Each structure stands twice: as C-alpha cells, then as structure tokens.
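Undergrad: Sharing a structure here in structure tokens format.
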Amino acid sequence: MPPIAVPSNLVDSLGCKSPHDVLLALADESEFNALKLAEELAASLSATKKHSSANNNNNSSSVGSGRRSKREDPDISCGGGGGAGQFVPLPRSLRDAPRPTRKISQKGSSSSSIAEDTITNSSSSAAHALTHATIASESILSSLSKIASGGSAASSEMRQLESHRQRLDEEAIDIDHALRIREGCQRGGDSLMGRRYGDAARAVADVTAILKECSNNAVQLAGEEALEAHSKTKEVTKRAIGERYETAVANGDVVQLSELTPLLQMLDMAELGVRLYLQYSQTVLTKEMSLDVEDVPVDMAHVERAEGMSRAAMRRRAEEEQQLRRNMSVPMKLARIYNAAVTHLRHHLPMVAYALGEADGDAALVQLVHVEAEKRAVDIMRDYMSEKQLNLTVKRADGVGKKIEDRYIGGGFSARDDEINIANVLGFAGDALGGGGGSGGGTIDIATKRMAAQKDDCGFQIEVGNLADVDAALEEWALVMQHTESYERFIRHAVNEVVKARKLRRDKKNEEKNRLKELEEAKSREHGSEMTGTGRKSSEKTSSGDVDGDQEEKVEILPPHTALNEVAAEIGGSYSALERCLLLAGMQRAFVHANYPDDSTFSPVVLDGSSNSLYGAGSRALQTNLVEECLFAARRSTLRAFATGHTGTASAAANVCVDVLGRLLLDVLIRRAEIGASLLKPGEGLLDGQSGLGQAALSFAKSKAGKGLRGVQGAGARSGHRVGDDALRNQTMLGVARAAANFNDLEVVADYTKRLEGNFLKEIDSGYPRGHDTEQLRMCVKGLQGVVDSFSQASGRSMEQLISTLLPQVRQIVGDAVGQDGGGSSATASNFLGSPVLAGGTTIAPTILNYEIDDEAFELSQISEGFVVRMCSRLDELIDPLRVHLVPKLSDDLLVGILGGMSKRMEVAIRKSKFTPLGAISLDSDVRYIMNFAKDRIDSPQLKSNVTLCKVCPPLARLNQIALLMNVDDLEDVLDLISVSKRKGVWDLKLDEAKTLLSLRVDFEGDKVNDLLQMDDE
C-alpha cells in the first residue's frame, strides 16, 4: 500500500478517503512525538546524574523494538555519543493500555476482492477505558461516514428536483409572457380599429414592457404574427396620435393636449411631444404677455357672447380693458408678464413633468417660460430707466445728499444759526435778534419763517424733484423690484422642483436596473454559470450609470445670474441712492421745522419708566417731533426697501439707515443739546443766577416791551407787566422745558432706534428665506445697536456738559451757605443792565460753617435752621425746574452730578474748620440730611439706598466717610473703622487724608494721631 498522508488535525482526517488508516497514522505520529519529547525532557533532567553502563547498553537496542520495550520498561534510558539520559515514566493507564492492531480482511469473490482494514484489541484488555474510547470513536466515525454518504445522495436528488422546478417555473413564466403579448396585441388592434387611441397606446406600452423583460423562448411562443401585429399597431398609433397632437398644438386645444400628452411617452414620442408642447407654450405666452392694444370691434355680433352679458356690456368691458392697457404703468406691465409666466408654469409644468419628464420636457418648459418673460421684462425696465434718466438723477441726488451732510455734519453750523435756535426756543426770534426794535418792526410769524427756511433745501427740489413726487417715483421703482424678485423666487423654486423630479426619476431608473441585474445574477447562479465576466460587465454598467447620473446632475436649467438679475441689481443700486437722498431731505425738513418751533413741535415724553406723578422726575418732560419725524422717515424708507424682497437692495437701505442716523441725526441732536445747555446757564440763560433772573428771561421781557435798553422795570411798564408777573415766570418755565427737550431727544431717539431694530429683524424673519444673503441683511440691521450706543453715550456727554454749566452756580450756593468767599453779605444785587434785582427781599445774616461748638451752640443748632437746610433749599430751586422737565434717567444723572459738585465744595470747607465731639455729631447730622435730600429726589429705585447712592457719587461717599471718621470716640477705633470699610469696598480716604481730618478734632492729640497712622503704615 502506498504511504498514507497524515493530516494536521482530526477534523481534516474525517474528510479523507480512508479515515481509519488516517486516524491510526495520526495516533502513531502523536505517540512518537510524545516519546521524543519525553526523551528530550529526561535528558535535560539527568544531566547531573550518572547511570550504570547496563542501562547504557540497553539503550543501544533497535528502533523497531525499542518503542515497545520503552513502553514496558520505563526505567530504561538511552544516550548517544557517550551521553546518558533517563525517560520520564508514562502514566500507568497509558502503559497498560492495549495496542490496537490492524487486520486486513478480504471480501468478495476471487475475481474481485475488497480489502478492509479493521482495528481489533486483545480480549484481555476489553475492559480497559482506552479500549472503550477507541470502540466508541470507531462507532461514531462509522455513523458519520454513513450519514455523509447518504446525505450526499439526498442532496443530489434535491438539487435535481429544484432544477426541475425552476425549469417548470421558467416555462410557466414564458407561457404567461407569451399569452400577455398576444392579449396586448389583440387589445391594441381592437382599440385601434375603434379609434380608441388611448387604449391602443396603453396596450402598445404594455407589450413593449413585456418584450423588454421576457426571454427569447417567450417571444417564440408568442409567434411572429403577434410581433408583426404589435409593430403595425405601434406604427399606426404613433402616426395617428402625432397628427392629432400637431393639430391640437396648432389650434391651441388644451383639452386635446391634456389627453394626448400622457400617451406620447408610452409610444416613445417624448422628444416630439416636447418640441410640439414648447411650440404651443410659446404661442400662448406670446399672446398672454402681449402689451399691444387691440382695437375693439365695431360690430360685436360676430363675437361669441359671454354667458349673462349683453353685446353692449361686452363692448363696454372691451373698451375698459383697452383703456387700461393704454394707461398701464411699468409695474403693471411687469406684473402682467410675470403673472402670465407663473400661471403657465403652474398649469402645465406638473403634466409636462409627469408625461415628458424622461425627455427633459419639464426643464425645457421652465427655460422657455423664463426666456420669454426675461426678454420682455428686461426691455421694459431698460426703456423705463432711459425714460426717467435714472443714472443722471442718481448723480444729482448724490450731489444734493452731500450738500445736506456738509450742512449738518461737523462744522456746518454758524453763530447766526445758534442765535436763531436760541431765540426760537423762547418764541421771540423777531426783535430780539435784530428785527427792528421800533414800533413798526413786529415779530415775524413762526410759520412764515419756517416756510422761508424750507426753501433753502440744498437744491433738492430743483435737482431731484418735489418730496412727494420723488416718494411716488420710489414707490414705482420698489414695485418694479418687488414684482421681479417675486418672479425670481418662483422661477428658482420651479427649477429646484424640476431638479428634484429629475433626481427621483434617475433613482427609480437605477433601482430598476439594479433589480434586473440581481435577477440576472440569480439566474446565473442557479444555472451554475461563471460570474467573473458577468460581474465585470455589471460593474462596468454601474460605473457608466454613475457617470450618466453625474452628467445629469451638471445639467444647468438656469444660470446662477441671469440678465434679469443684472437689471434688478442695477435698479436696486440706483434706488438705494435715491432713497438715501430722500431720507436726507426728509430729515432736513424735520430739522428746519424743529428750528422754528410752535406748540405742535413739542409733545410729552412717552418712555418706559416715565413718572406718573405731577411733580416727580420727568413729570413734565417734553420731546420734539424732530425724533419722530426722522425715525419715521428712516423706518419708511428702509421698510419700503425690505418690501422689494431683494436682499442686496434691503442691505443697502439698512446701511443707509444706520449711517444717516448714526452720523447726521446724532450730530444734529448733539448740537441741539449744546444749545440747550447754553440756554440753561444760570445768570446768562433761562435759569436764575446770582443777580436774579437770567439774561434770556430778561431779553424776553425786553422784547415784549418792543423797545430799547432801559431796564426791566421800564420794559415791564410799557408792556403792562411787572418783573414778577406770572406770565414772565410761565414763559421762562416754557423755555426751560423746551431747552430740556433737547436733552430728552437723545434718550428718546436711543429708545426708538432700539425698537426700530427689533421691527426690522421681525420683517426679515417673516419676509426673507433663510440663507447667506439673509444673514448678511440681519448683520446690516444689527448695526443699529452701535447707533443706540452712540446716542446713549452722547446723552451722557450732554448731561456732563449741563452739569458743568450749573456747577459754578452750585459752588456759589455752597459758598454762600458756608459763609465763605464773601457770599451772603447782602441780598441785593444788580443785573447786567445796572438795575437792582431783589434776590430775597430781606437782609440775611452771614453764616459761617463752624463745627467747633459747645453745648449751648449745639442745642441752638438743633432748634434753628442750619446752613445745610438753606443750601439744599437753594439747590432745589436751581434743579427743580430741570428735574421735572428731564426724563427720569437724565434727572437722576443731573442730581448725582450736582451732589458731587456740592460735596466737593463742602469737603473743602470742612477741612478749614475745627471739630469738637458735638461738632462731629452736627456734621454727621448734616451729611444725613444731604443723603435724605438726595434720596427724596432720586427717581430710580436702585439709587434709593445709601450704598448705591455713594457708589454712583464718589464725592458724596467721601463726605459720608469723613463724617464717620470724625465721629469716632477713640483713636483706637479708627483702624477698625478703616479696615472694616476697606474690606467692604466703601472707603476712599487715604491715610494722609485721615490724619489731616483727625487732626481737626480738638480733643485728639496730634502726636497720637501721627503715631497711630504711622503704625498702620508699617
């Protein structure tokens, strides 16, 4: 027998031709390997031991007998080359295990004998465990071999049955296809004979679809007669439907087109259908978009009569339509063209996409409609731009806008303008400023002067036109862009829908291809054919299909930028320039109106947080209509640009709004606030000064008298009024209110601009689609937040200017109260004309700030009115007219600024006085009175506490800290007071200042004060 190839494991041995021999050989090889490993292990373990020569001689036995002797005598060792070793003894179960023997038995006759190998064990070892395991494995192997041989036979029979079933199924499918082909051919012929072309086309389409899927056997079963009948039916049906379709296109029969168009794709006539349908669409669009005026027929008898209308009524309607077309404006013409395009697409695109989409009929229809609409719309807009001389008008508008900006921004104001504004606030711009002064020179009416001032409009009316005419022209241009943008959005939406439909059709086609390919692969696998070539072909088809899909994706229905977009962008740029000029002109008109005010120019302030009290902060605050007129003009122009729907135009308008409000209006309001501050300067303006009434109030009294410079008494005598008349006081308070309105305007415009930004953002969210352009528009609108901040900062600076204007009077009041700088010696003074003016009516004894008092003086100060009460009373007289006429926020800022100036002046006076313990208590009482005085007049709830009030007014905080420092009972408490206050963050006095102040206490020794503070420094 040839040598048996030994497999590597038991699993592979079961698949061999003779598992018995393989398993035995595998067992012998495993035993040999185990013995070899044992010998190597024994040699390594016995390297240090010496064995007898008898054992060495026993190791020289042959290999054939050595294997059994080693199994029988485990003590025998082997060695070679003079070496010695010892075997590892095998377990007893393996030593005593029987050795299976192979028996070859012959079966069969002498002519054909079959040799069988069997493994047998000696009868003496039948009860051994290894014998049982060997017998069991032999039995399992025999069973598995029988199952394998039987399973292979059963599997072969099942495969034969399955193949037979598949052949029967294929034959059944072929018979079904053949029957359906014959039935479809019969149905198509019958429908064609009955002139039912729709049924004939559907029958032809069904047969064509079956022929694409069926096999050659099915075609042979159907017969040549059926195929010839199908070809003839298809040819005749195509010819008949084509002729009727051309007739329907020529006659414009929509009913016939709607019936025949879905049949074209069934007959592979989609390309012809696209061509004819585009021809029909072009004819319809030409008629619907025509702007030519048709003559009304004289005789209406030949015109088809409309239901419910007489011939005369039909004639009147035709004449009205004719007149309407003759007087049609440019926006109406564009609306007619765009509406015709949109209506045609809405009615016809769905059917074309369904019936002719495979031939790209939907994309061709969209292109045709857009070309027809674009060609006419561009011509109309170009002609209108030439007719209105748009480019020339824009150049003139830019020049006018530059003049307006130069007049009101920067140094465009003159001293004469300031004088006129000051006079107009008081309402006497006539005689006071060079109007004549004689009996014949009366005051010129405000309305007349306003009209005269409005004529100087920087050439707007001459160069650009009347405000109303320009506004109407911009309305037309806005409608032109609005109609164009609406059409543009619709046509882009239609293009996107067509692209989606094309993608869906392509995906469906790819799915069908994949399904057919999978069927072919399944059939190939069933028939056992090689898949290498098929897989290569299918992959090539798939890759070619991907290339076709990519090419289809790159088909451009409409370019990103069309001629219509270019014209719209050009008009949008010109529109933005005209809108800017109109906004500047409107704001200029508001400026002139505010420079010549009347009662209608001012109105009560309406802001969040305004006081409802009759005498609280801001209770009588006024604002000018300047802010409302300017913000209304800005809002109107910007929202009109937003209504166009064109993001470029809307962004330009938003930038114009931000620029004009942030530069022009801001400069004008700042200048008016400066004028208001000059009007409120004590002694020179409307507020009372050290000498009594302000110069502006005296000028008012003089102007009412109508004559010369003879003093207030003579002016009052000629005018029938005395200086103390209520009319003069009321007119002065009116001037104060109007001057304060200039400060309120900055707060009002900041609030209105913030609301305007929110309004614009809502318009964007509701009227513009999401996208990059819309986000840019939002960023342009958010630029108004910077304008709001500019207005708020300007308001703060204007209040600082007003406070600096009032501080000299505040210092004078404090100086008079504390008895320094020679103040308070007399209650009489003379004004700038030399006439005596009574300040109080009685002589007031001078008061000197002195905190070095004894018990008697302290008791007297508690029951008498101190200097602080009189000082606060005079401060109240100064700031109360402003406090009620300024908005609450500005009123609080003014009061804090006045308190700061007063506190600084008092601190200077306090440093010049000595203190007794009772004087320190008196100082603390005075400071508390000042704090209560401030909190009673503060409007903001956040400033009602001492902590917040001291935080916003550092000089008052220092005054409070001085009072606390001067009221310590012992010098040892000073360090605790300073350290605790510093930890709270409410201590601003330096140690040198504390040392100077403590030295003013007569009961504190200077050396101890110096030593205490020196220790703290260390």
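Every chain in the structure tokens takes a letter, A first, then B, and so on in the order presented; its residues are numbered from 1, and the ligands are numbered from 1 following the presented order.
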For A:Ala473, please output as a PyMOL selection string all residues within 12 Å (counting only C-alpha atoms; exclusion window: fewer than 2 positions along the same chain).

TA: chain A and resi 329-331+384-385+388+390+393+464-471+475-480+575+578-579+582

Undergrad: Could you write out, as a list in words, all the residues of stretch 769-1000 of chain A that DSSP marks as strand (DSSP E or B)?

TA: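 Everything in stretch 769-1000 of chain A that counts as strand (DSSP E or B) is Thr828, Ala829, Ser830, Pro836, Val837, Leu838, Tyr851 and Phe915 of chain A.
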
Undergrad: Extract, using only C-alpha atoms, all DNA, RNA and protein residues at most 12 Å from A:Leu849, discarding same-chain residues fewer than 5 positions from it, and format them as an mmCIF file with C-alpha atoms, in the first residue's frame.

TA:
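Written output follows (out.cif):
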data_model
loop_
_atom_site.group_PDB
_atom_site.id
_atom_site.type_symbol
_atom_site.label_atom_id
_atom_site.label_comp_id
_atom_site.auth_asym_id
_atom_site.auth_seq_id
_atom_site.Cartn_x
_atom_site.Cartn_y
_atom_site.Cartn_z
ATOM 1 C CA VAL A 814 -22.433 126.286 48.722
ATOM 2 C CA GLY A 815 -20.044 129.163 49.285
ATOM 3 C CA ASP A 816 -22.891 131.462 50.315
ATOM 4 C CA ALA A 817 -24.258 128.796 52.638
ATOM 5 C CA VAL A 818 -20.999 128.130 54.456
ATOM 6 C CA GLY A 819 -20.184 131.851 54.621
ATOM 7 C CA GLN A 820 -17.019 131.788 52.529
ATOM 8 C CA SER A 861 -28.194 124.359 66.022
ATOM 9 C CA GLY A 866 -28.786 125.382 59.727
ATOM 10 C CA PHE A 867 -26.792 126.272 56.634
ATOM 11 C CA VAL A 868 -27.370 122.825 55.090
ATOM 12 C CA MET A 871 -28.147 125.295 50.914
ATOM 13 C CA MET A 906 -18.288 121.174 51.280
ATOM 14 C CA GLU A 907 -15.246 118.971 51.769
ATOM 15 C CA VAL A 908 -13.015 121.953 51.083
ATOM 16 C CA ALA A 909 -14.915 123.995 53.674
ATOM 17 C CA ILE A 910 -14.862 121.180 56.229
ATOM 18 C CA ARG A 911 -11.090 120.906 56.026
ATOM 19 C CA LYS A 912 -10.875 124.554 57.174
ATOM 20 C CA SER A 913 -12.898 124.051 60.357
ATOM 21 C CA LYS A 914 -12.035 122.633 63.768
ATOM 22 C CA PHE A 915 -14.238 119.950 65.315
ATOM 23 C CA GLY A 919 -19.407 119.387 66.070
ATOM 24 C CA SER A 922 -23.535 118.005 63.896
ATOM 25 C CA LEU A 923 -21.530 117.129 60.749
ATOM 26 C CA ASP A 926 -25.783 117.479 58.112
#

Undergrad: Identify, on the basis of only C-alpha atoms, every residue whose closest approach to stretch 932-947 of chain A does not exceed 7 Å; exclude the query and any residue fewer than 6 positions from it along the same chain; express the result as a PyMOL selection string.

TA: chain A and resi 617+888+892

Undergrad: So which residues touch A:Ala494 within 12 Å, counting only C-alpha atoms, skipping near sequence neighbours fewer than 3 positions away, as a list in words?

TA: Ala341, Val342, His344, Leu345, Arg346, His348, Leu349, Pro350, Ala353, Asp362, Ala363, Ala364, Leu365, Val366, Gln367, Val369, His370, Tyr487, Glu488, Arg489, Phe490, Ile491, Glu497, Val498, Val499, Lys500, Ala501, Ile557 and Leu558 of chain A

Undergrad: Produce a file of the selected residues containing C-alpha atoms, as a CSV table (one decimal), in the first residue's frame.

TA:
chain,number,residue,atom,x,y,z
A,341,ALA,CA,-45.3,83.2,-16.9
A,342,VAL,CA,-46.2,82.0,-13.4
A,344,HIS,CA,-48.5,79.0,-17.4
A,345,LEU,CA,-45.9,77.1,-15.3
A,346,ARG,CA,-48.4,76.3,-12.6
A,348,HIS,CA,-48.7,73.0,-17.4
A,349,LEU,CA,-45.4,72.1,-15.6
A,350,PRO,CA,-46.9,69.2,-13.5
A,353,ALA,CA,-43.0,66.7,-15.8
A,362,ASP,CA,-40.0,70.0,-17.7
A,363,ALA,CA,-36.6,71.6,-17.8
A,364,ALA,CA,-37.2,72.8,-21.4
A,365,LEU,CA,-40.6,74.3,-20.4
A,366,VAL,CA,-39.0,76.2,-17.5
A,367,GLN,CA,-36.3,77.6,-19.7
A,369,VAL,CA,-41.0,80.5,-20.0
A,370,HIS,CA,-38.1,82.3,-18.3
A,487,TYR,CA,-41.0,86.1,-10.0
A,488,GLU,CA,-37.3,85.3,-9.4
A,489,ARG,CA,-38.2,83.4,-6.3
A,490,PHE,CA,-40.9,81.5,-8.1
A,491,ILE,CA,-38.8,80.5,-11.1
A,497,GLU,CA,-38.6,71.2,-8.1
A,498,VAL,CA,-37.6,70.1,-11.6
A,499,VAL,CA,-34.1,69.1,-10.3
A,500,LYS,CA,-35.7,67.0,-7.5
A,501,ALA,CA,-38.0,65.3,-10.0
A,557,ILE,CA,-31.5,74.7,-16.2
A,558,LEU,CA,-31.0,78.3,-15.4

Undergrad: Tell me which of A:Gln812, A:Ser792, A:Asn655, A:Asn496 sits closest to A:Met779, counting only C-alpha atoms.

TA: A:Asn655

Undergrad: Neighbours of A:Asp880 within 12 Å (only C-alpha atoms; same-chain residues fewer than 2 positions away dropped), as an mmCIF file with N, CA and C atoms, in the first residue's frame?

TA:
data_model
loop_
_atom_site.group_PDB
_atom_site.id
_atom_site.type_symbol
_atom_site.label_atom_id
_atom_site.label_comp_id
_atom_site.auth_asym_id
_atom_site.auth_seq_id
_atom_site.Cartn_x
_atom_site.Cartn_y
_atom_site.Cartn_z
ATOM 1 N N TYR A 615 -45.352 116.007 40.102
ATOM 2 C CA TYR A 615 -44.158 116.772 40.459
ATOM 3 C C TYR A 615 -42.910 115.903 40.553
ATOM 4 N N GLY A 616 -42.999 114.663 40.125
ATOM 5 C CA GLY A 616 -41.843 113.795 40.179
ATOM 6 C C GLY A 616 -40.888 114.056 39.032
ATOM 7 N N ALA A 617 -39.779 113.290 39.044
ATOM 8 C CA ALA A 617 -38.782 113.433 37.985
ATOM 9 C C ALA A 617 -39.394 113.059 36.636
ATOM 10 N N GLY A 618 -39.250 113.960 35.658
ATOM 11 C CA GLY A 618 -39.778 113.723 34.329
ATOM 12 C C GLY A 618 -41.279 113.862 34.209
ATOM 13 N N SER A 619 -41.933 114.408 35.194
ATOM 14 C CA SER A 619 -43.399 114.510 35.144
ATOM 15 C C SER A 619 -43.871 115.474 34.066
ATOM 16 N N ARG A 620 -43.056 116.465 33.709
ATOM 17 C CA ARG A 620 -43.435 117.427 32.664
ATOM 18 C C ARG A 620 -42.434 117.414 31.507
ATOM 19 N N LEU A 687 -32.247 130.193 33.564
ATOM 20 C CA LEU A 687 -32.258 129.951 34.999
ATOM 21 C C LEU A 687 -31.741 131.170 35.746
ATOM 22 N N MET A 733 -40.449 129.208 32.303
ATOM 23 C CA MET A 733 -40.539 127.769 32.514
ATOM 24 C C MET A 733 -40.791 127.032 31.195
ATOM 25 N N VAL A 736 -37.496 126.725 29.636
ATOM 26 C CA VAL A 736 -36.717 125.677 30.284
ATOM 27 C C VAL A 736 -37.164 124.300 29.796
ATOM 28 N N ALA A 737 -38.461 124.121 29.696
ATOM 29 C CA ALA A 737 -38.984 122.835 29.232
ATOM 30 C C ALA A 737 -38.547 122.550 27.801
ATOM 31 N N CYS A 872 -29.578 123.346 50.652
ATOM 32 C CA CYS A 872 -30.390 122.390 49.895
ATOM 33 C C CYS A 872 -31.632 123.052 49.315
ATOM 34 N N SER A 873 -32.138 124.029 50.027
ATOM 35 C CA SER A 873 -33.306 124.741 49.511
ATOM 36 C C SER A 873 -32.950 125.515 48.242
ATOM 37 N N ARG A 874 -31.820 126.189 48.268
ATOM 38 C CA ARG A 874 -31.406 126.918 47.072
ATOM 39 C C ARG A 874 -31.032 125.975 45.932
ATOM 40 N N LEU A 875 -30.419 124.819 46.268
ATOM 41 C CA LEU A 875 -30.147 123.827 45.223
ATOM 42 C C LEU A 875 -31.450 123.294 44.627
ATOM 43 N N ASP A 876 -32.440 123.137 45.469
ATOM 44 C CA ASP A 876 -33.731 122.661 44.983
ATOM 45 C C ASP A 876 -34.353 123.663 44.021
ATOM 46 N N GLU A 877 -34.201 124.954 44.332
ATOM 47 C CA GLU A 877 -34.715 125.979 43.423
ATOM 48 C C GLU A 877 -33.997 125.954 42.079
ATOM 49 N N LEU A 878 -32.718 125.543 42.104
ATOM 50 C CA LEU A 878 -31.951 125.511 40.863
ATOM 51 C C LEU A 878 -32.310 124.300 40.005
ATOM 52 N N LEU A 882 -35.409 121.801 36.189
ATOM 53 C CA LEU A 882 -34.807 120.823 35.274
ATOM 54 C C LEU A 882 -35.248 119.406 35.604
ATOM 55 N N ARG A 883 -35.399 119.110 36.881
ATOM 56 C CA ARG A 883 -35.724 117.754 37.294
ATOM 57 C C ARG A 883 -37.084 117.308 36.774
ATOM 58 N N VAL A 884 -38.047 118.201 36.760
ATOM 59 C CA VAL A 884 -39.384 117.820 36.311
ATOM 60 C C VAL A 884 -39.494 117.831 34.788
ATOM 61 N N HIS A 885 -38.547 118.514 34.111
ATOM 62 C CA HIS A 885 -38.620 118.597 32.654
ATOM 63 C C HIS A 885 -37.626 117.675 31.953
ATOM 64 N N LEU A 886 -36.826 116.945 32.705
ATOM 65 C CA LEU A 886 -35.941 115.939 32.138
ATOM 66 C C LEU A 886 -36.512 114.555 32.401
ATOM 67 N N SER A 891 -32.725 113.052 34.829
ATOM 68 C CA SER A 891 -32.930 113.783 36.087
ATOM 69 C C SER A 891 -32.052 113.215 37.194
ATOM 70 N N ASP A 892 -31.967 111.891 37.267
ATOM 71 C CA ASP A 892 -31.096 111.281 38.277
ATOM 72 C C ASP A 892 -29.632 111.602 38.007
ATOM 73 N N LEU A 894 -28.448 114.234 36.529
ATOM 74 C CA LEU A 894 -28.234 115.638 36.888
ATOM 75 C C LEU A 894 -28.099 115.801 38.395
ATOM 76 N N LEU A 895 -28.976 115.158 39.157
ATOM 77 C CA LEU A 895 -28.936 115.291 40.608
ATOM 78 C C LEU A 895 -27.645 114.716 41.171
ATOM 79 N N ILE A 898 -24.876 117.222 40.467
ATOM 80 C CA ILE A 898 -24.959 118.393 41.346
ATOM 81 C C ILE A 898 -24.499 118.031 42.749
ATOM 82 N N ARG A 937 -35.320 112.877 46.069
ATOM 83 C CA ARG A 937 -35.455 113.411 44.706
ATOM 84 C C ARG A 937 -34.954 112.441 43.630
ATOM 85 N N ILE A 938 -34.312 111.343 44.046
ATOM 86 C CA ILE A 938 -33.885 110.316 43.095
ATOM 87 C C ILE A 938 -35.118 109.522 42.634
#

Undergrad: Mind checking which residues fall within 9 Å of A:Ala653, counting only C-alpha atoms, ignoring those fewer than 5 positions away in the same chain, and posting them as a list in words?

TA: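 Answer for this query is Ser576, Ala577, Glu579, Arg580, Ser637, Thr638, Leu639, Arg640, Ala641, Phe642, Gly648 and Val658 of chain A.
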